[in-house]
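Source file: work-v7.cif. Holds: mmCIF, C-alpha atoms.
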data_target
loop_
_atom_site.label_atom_id
_atom_site.label_comp_id
_atom_site.auth_asym_id
_atom_site.auth_seq_id
_atom_site.Cartn_x
_atom_site.Cartn_y
_atom_site.Cartn_z
CA MET O 1 4.40 -6.78 -6.19
CA ALA O 2 7.92 -8.12 -6.53
CA GLY O 3 10.53 -7.41 -3.91
CA PRO O 4 13.07 -4.72 -4.78
CA LEU O 5 16.40 -5.52 -6.40
CA ASP O 6 19.90 -4.63 -5.26
CA PHE O 7 20.71 -1.02 -6.19
CA PHE O 8 23.58 -1.81 -8.55
CA THR O 9 21.53 -4.48 -10.29
CA VAL O 10 18.89 -1.83 -10.84
CA VAL O 11 21.23 0.74 -12.39
CA GLU O 12 23.03 -1.84 -14.51
CA THR O 13 19.81 -3.23 -15.99
CA GLN O 14 17.48 -0.22 -16.14
CA ARG O 15 16.84 0.86 -19.71
CA ALA O 16 14.14 2.54 -21.74
CA LEU O 17 11.28 0.10 -22.30
CA ARG O 18 8.53 1.20 -24.65
CA ARG O 19 6.15 -1.75 -25.07
CA PHE O 20 3.84 -2.82 -22.25
CA ARG O 21 1.56 -5.66 -21.32
CA PRO O 22 -2.04 -4.69 -20.51
CA ASP O 23 -1.74 -5.98 -16.92
CA PRO O 24 -2.81 -3.35 -14.38
CA VAL O 25 -0.14 -1.83 -12.17
CA PRO O 26 -1.04 -2.09 -8.45
CA ASP O 27 -1.62 1.13 -6.54
CA ALA O 28 0.92 -0.03 -3.96
CA ALA O 29 3.63 -0.19 -6.63
CA ILE O 30 2.81 3.28 -7.95
CA ARG O 31 2.78 4.71 -4.43
CA ARG O 32 6.17 3.19 -3.70
CA ILE O 33 7.60 4.54 -6.96
CA LEU O 34 6.28 8.03 -6.26
CA ALA O 35 7.61 7.89 -2.71
CA ALA O 36 11.04 7.11 -4.14
CA ALA O 37 10.72 10.09 -6.50
CA THR O 38 10.03 12.42 -3.59
CA ARG O 39 13.25 11.38 -1.86
CA ALA O 40 15.26 13.30 -4.45
CA PRO O 41 17.11 16.53 -3.59
CA SER O 42 15.78 19.93 -4.69
CA ALA O 43 17.02 23.51 -4.61
CA ARG O 44 16.32 25.18 -1.25
CA GLY O 45 14.67 21.93 -0.15
CA ALA O 46 11.47 23.29 -1.71
CA GLU O 47 10.26 19.96 -3.18
CA PRO O 48 8.56 21.78 -6.08
CA TRP O 49 7.40 18.60 -7.80
CA PHE O 50 3.98 17.13 -8.49
CA PHE O 51 3.01 13.92 -10.28
CA VAL O 52 -0.21 13.34 -12.21
CA VAL O 53 -0.96 9.62 -12.46
CA VAL O 54 -3.14 8.93 -15.49
CA ARG O 55 -5.04 5.64 -15.55
CA ASP O 56 -8.29 6.63 -17.27
CA GLU O 57 -8.47 5.00 -20.70
CA ARG O 58 -10.07 7.93 -22.50
CA THR O 59 -7.60 10.39 -21.01
CA ARG O 60 -4.69 8.18 -22.07
CA ALA O 61 -6.20 7.97 -25.55
CA ALA O 62 -6.44 11.77 -25.78
CA ILE O 63 -2.82 12.16 -24.75
CA GLY O 64 -1.75 9.30 -27.02
CA ALA O 65 -3.37 10.87 -30.09
CA ARG O 66 -1.45 14.09 -29.52
CA TYR O 67 1.78 12.22 -28.81
CA ARG O 68 1.45 10.32 -32.10
CA ALA O 69 0.84 13.53 -34.06
CA ALA O 70 3.87 15.16 -32.46
CA TRP O 71 5.99 12.09 -33.25
CA GLU O 72 5.01 12.13 -36.92
CA VAL O 73 6.02 15.79 -37.23
CA ALA O 74 9.32 15.18 -35.41
CA GLU O 75 10.02 12.07 -37.47
CA LEU O 76 9.64 13.97 -40.74
CA ARG O 77 11.77 16.84 -39.48
CA ALA O 78 14.53 14.49 -38.31
CA ALA O 79 14.53 12.60 -41.62
CA SER O 80 14.65 15.74 -43.75
CA SER O 81 17.56 17.19 -41.78
CA ASP O 82 19.35 13.86 -41.21
CA ALA O 83 19.42 14.88 -37.55
CA ASP O 84 20.70 11.51 -36.31
CA ARG O 85 23.58 11.13 -38.74
CA ASP O 86 26.09 11.08 -35.87
CA VAL O 87 24.52 8.00 -34.23
CA ARG O 88 22.55 6.38 -37.05
CA ASP O 89 25.18 3.71 -37.73
CA ARG O 90 25.58 2.59 -34.14
CA PRO O 91 24.35 -0.96 -33.37
CA HIS O 92 21.57 0.17 -31.06
CA TYR O 93 20.04 2.83 -33.30
CA ALA O 94 17.68 0.92 -35.60
CA ARG O 95 16.27 -1.17 -32.75
CA MET O 96 15.83 1.90 -30.54
CA MET O 97 14.00 3.84 -33.26
CA ARG O 98 11.66 0.93 -33.99
CA ALA O 99 10.76 0.80 -30.31
CA ALA O 100 10.33 4.59 -30.12
CA ARG O 101 8.03 4.55 -33.12
CA SER O 102 6.03 1.67 -31.65
CA LEU O 103 5.59 3.68 -28.47
CA ALA O 104 4.38 6.69 -30.44
CA LEU O 105 1.83 4.62 -32.35
CA HIS O 106 0.57 2.86 -29.21
CA PHE O 107 1.24 5.40 -26.48
CA ALA O 108 -2.16 4.98 -24.86
CA ALA O 109 -1.54 1.23 -24.47
CA ALA O 110 0.69 1.92 -21.47
CA PRO O 111 -1.51 1.13 -18.45
CA VAL O 112 -0.25 4.20 -16.59
CA LEU O 113 1.13 7.57 -17.63
CA ILE O 114 2.92 9.71 -15.07
CA VAL O 115 3.25 13.41 -15.81
CA CYS O 116 6.17 14.80 -13.80
CA CYS O 117 5.59 18.46 -13.04
CA LEU O 118 7.62 21.41 -11.75
CA ASP O 119 5.77 24.17 -9.87
CA HIS O 120 7.50 27.42 -10.80
CA ALA O 121 5.68 29.21 -7.98
CA GLN O 122 7.70 27.17 -5.47
CA LEU O 123 11.09 27.99 -6.98
CA GLY O 124 11.65 31.25 -5.11
CA PRO O 125 14.51 33.28 -6.66
CA LEU O 126 14.90 30.73 -9.47
CA ALA O 127 11.74 32.14 -11.09
CA GLY O 128 10.44 35.66 -11.61
CA PRO O 129 7.15 37.13 -10.37
CA ASP O 130 5.49 35.89 -13.57
CA CYS O 131 6.94 32.41 -12.91
CA THR O 132 9.37 32.67 -15.83
CA LEU O 133 12.52 30.72 -15.03
CA ARG O 134 15.53 32.86 -14.15
CA SER O 135 17.86 29.90 -13.75
CA PRO O 136 16.61 26.93 -15.79
CA LEU O 137 19.60 24.76 -14.90
CA ALA O 138 18.97 25.09 -11.16
CA ALA O 139 15.21 24.78 -11.63
CA TYR O 140 15.39 21.52 -13.58
CA ALA O 141 17.88 20.18 -11.04
CA SER O 142 14.87 20.26 -8.70
CA ILE O 143 12.80 17.84 -10.79
CA PHE O 144 14.98 15.56 -12.92
CA PRO O 145 16.61 13.81 -9.94
CA ALA O 146 13.07 12.93 -8.85
CA VAL O 147 12.28 11.63 -12.34
CA GLN O 148 15.40 9.45 -12.28
CA ASN O 149 14.42 8.09 -8.86
CA LEU O 150 11.04 7.24 -10.35
CA LEU O 151 12.61 5.36 -13.26
CA LEU O 152 14.96 3.39 -11.02
CA ALA O 153 12.23 2.54 -8.51
CA ALA O 154 10.05 1.23 -11.33
CA ARG O 155 12.91 -1.00 -12.49
CA ALA O 156 13.45 -2.27 -8.95
CA LEU O 157 9.84 -3.46 -8.93
CA GLY O 158 10.05 -5.11 -12.35
CA LEU O 159 8.19 -2.37 -14.20
CA GLY O 160 9.21 -0.70 -17.44
CA THR O 161 9.43 3.03 -18.17
CA THR O 162 10.98 5.53 -20.50
CA LEU O 163 11.49 9.25 -20.01
CA THR O 164 9.80 11.18 -22.83
CA THR O 165 9.68 14.92 -23.50
CA LEU O 166 7.88 14.94 -26.85
CA HIS O 167 4.81 16.28 -25.03
CA ARG O 168 6.53 19.67 -25.01
CA ALA O 169 5.20 20.01 -28.56
CA PHE O 170 1.64 19.92 -27.18
CA GLU O 171 2.12 20.94 -23.56
CA PRO O 172 -0.77 23.49 -23.51
CA ALA O 173 -3.16 20.76 -24.68
CA LEU O 174 -1.76 18.27 -22.15
CA LYS O 175 -2.16 20.78 -19.33
CA ALA O 176 -5.73 21.51 -20.42
CA ILE O 177 -6.62 17.80 -20.49
CA LEU O 178 -5.24 17.30 -16.96
CA ASP O 179 -6.22 20.70 -15.45
CA ILE O 180 -2.57 21.50 -14.67
CA PRO O 181 -2.25 25.09 -13.37
CA ALA O 182 -0.56 27.76 -15.48
CA ALA O 183 2.47 28.10 -13.18
CA VAL O 184 3.17 24.36 -13.29
CA GLU O 185 5.37 22.96 -16.07
CA ALA O 186 4.94 19.43 -17.36
CA VAL O 187 8.61 18.43 -17.56
CA ALA O 188 8.48 14.71 -18.35
CA LEU O 189 5.85 12.24 -19.50
CA VAL O 190 6.61 8.70 -18.35
CA PRO O 191 4.65 5.66 -19.59
CA LEU O 192 4.68 2.87 -17.01
CA GLY O 193 3.72 -0.78 -17.10
CA TYR O 194 4.89 -4.36 -17.05
CA PRO O 195 7.19 -4.58 -20.07
CA ILE O 196 6.95 -6.89 -23.05
CA ASP O 197 10.69 -6.58 -23.60
CA ARG O 198 13.41 -7.39 -21.11
CA HIS O 199 15.40 -5.13 -18.88
CA GLY O 200 19.22 -4.94 -19.31
CA PRO O 201 22.03 -5.47 -18.79
CA THR O 202 22.75 -2.31 -20.75
CA ARG O 203 25.86 -1.59 -22.81
CA ARG O 204 27.55 1.74 -22.26
CA LYS O 205 30.92 3.34 -22.94
CA PRO O 206 33.52 2.16 -20.41
CA VAL O 207 34.39 4.50 -17.55
CA GLU O 208 37.91 4.90 -18.98
CA GLU O 209 36.44 6.67 -22.03
CA VAL O 210 34.36 9.21 -20.15
CA ALA O 211 36.15 9.94 -16.87
CA PHE O 212 39.25 12.05 -16.28
CA LEU O 213 41.44 12.59 -13.23
CA ASP O 214 42.12 16.15 -12.00
CA ARG O 215 41.94 17.70 -15.49
CA TRP O 216 40.29 17.06 -18.86
CA GLY O 217 42.09 14.46 -20.93
CA GLN O 218 44.05 12.89 -18.09
CA PRO O 219 42.82 9.28 -17.81
CA PHE O 220 41.06 8.10 -14.70
CA SER O 221 42.29 4.55 -14.13
CA GLY O 222 40.93 3.84 -10.66
#
Before we go any further, please render this structure as structure tokens.
Amino acid sequence: MAGPLDFFTVVETQRALRRFRPDPVPDAAIRRILAAATRAPSARGAEPWFFVVVRDERTRAAIGARYRAAWEVAELRAASSDADRDVRDRPHYARMMRAARSLALHFAAAPVLIVCCLDHAQLGPLAGPDCTLRSPLAAYASIFPAVQNLLLAARALGLGTTLTTLHRAFEPALKAILDIPAAVEAVALVPLGYPIDRHGPTRRKPVEEVAFLDRWGQPFSG
């Protein structure tokens, strides 16, 4: 297991990686990644997260078949509605979509899948007696920081990941495959492995285009 990178190197080079080598991921690396995830903040300090680590080949294949079917439906819907017309001409788009499609066709090839879960029963006033979310924004603020920690920790150890939510199209089936309780929501499905492609550096809009000082529209030039 490689030694961790400097934090700013991690955030400047972490990007979605969707193709993986078949090399097994050591338990020690997964444990360290999950430990990093659990260091995230959560509402009321409740730590309402759980993580299902899927290694079994047949289980990954069952999930992968459903992921591919969901992708094909979403792909047709996006094409018919021209859903990506606002970003389709950007330099990254064609490459990104090829990689996303490759992931969908070969989802089970990722050596590890991590299902990031939110237990509604531990959300207190953020959920009702039937575990329906009363404040989704606050509830998801108690899981997505943990997911981001997971992604960054994986990068620090030289592993590739991408955050996917396409499983929401087949979440009941996913929960049945993994015996996830009714009150627990599968929020993110993260494939994990040693990547075929390289990490960053990534290209993003400059800070000057997205940050303001004191009020909207007033440039931040710090």
>> From the options O:Gly222, O:Pro24, O:Pro41, O:Gly64, which residue's atoms come nearest to Pro145 of chain O, counting all atoms listed in the file?
In response: O:Pro41
>> Evaluate the PyMOL selection byres ((chain O and resi 204-207) around 12) against this structure - the residues, as a PyMOL selection string, please.
In response: chain O and resi 11-15+91-92+200-203+208-213+219-222
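Going from atom CA of Gln122 of chain O to atom CA of Ala153 of chain O covers 25.2 Å.
The residue that comes closest to Ala109 of chain O, out of O:Leu166, O:Ala40, O:Ala46, O:Leu192 and on the basis of all atoms listed in the file, is O:Leu192.
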>> With all atoms listed in the file as the counted atoms, please give the residues lying no more than 12 Å from Ala121 of chain O, apart from itself and same-chain residues fewer than 2 positions off, as a ChimeraX atom specification.
In response: /O:46-49,117-119,123-133,139,181-185
>> Using only C-alpha atoms, which protein or nucleic acid residues come within 9 Å of segment 69-74 of chain O? Drop anything in the same chain fewer than 6 positions from it, and give the result as a ChimeraX atom specification.
In response: /O:101,104-105,166-167,169-170
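Taken over the shown file, the PyMOL selection byres ((chain O and resi 55) around 10) identifies Pro24, Val25, Val52, Val53, Val54, Asp56, Glu57, Arg58, Thr59, Arg60, Ala108, Ala110, Pro111, Val112, Leu113 and Ile114 of chain O.
Using only C-alpha atoms, the shortest contact distance between Ala188 of chain O and any of O:Ile143, O:Ile33, O:Ala138, O:Ala94 is found at O:Ile143.
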>> Starting from the PyMOL selection byres ((chain O and resi 99) around 12), expand the selection into actual residues of this file and give them as an NGL selection string.
In response: :O and (16-20 or 92-98 or 100-107 or 162 or 196-197)
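Between atom CA of Gly193 of chain O and atom CA of Leu150 of chain O the separation is 12.8 Å.
What separates atom CA of Cys116 of chain O from atom CA of Val147 of chain O is a distance of 7.0 Å.
In this comparison, which uses only C-alpha atoms, the residue of O:Leu5, O:Leu76, O:Leu157, O:Ala146 approaching Ala28 of chain O most closely is O:Leu157.
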Each side padded by 4 Å, which centre and which edge lengths in Å (one decimal) define the axis-aligned box around the listed atoms of segment 187-198 of chain O? Give them as AutoDock Vina command-line options.
--center_x 8.6 --center_y 5.5 --center_z -20.3 --size_x 17.7 --size_y 33.8 --size_z 14.6
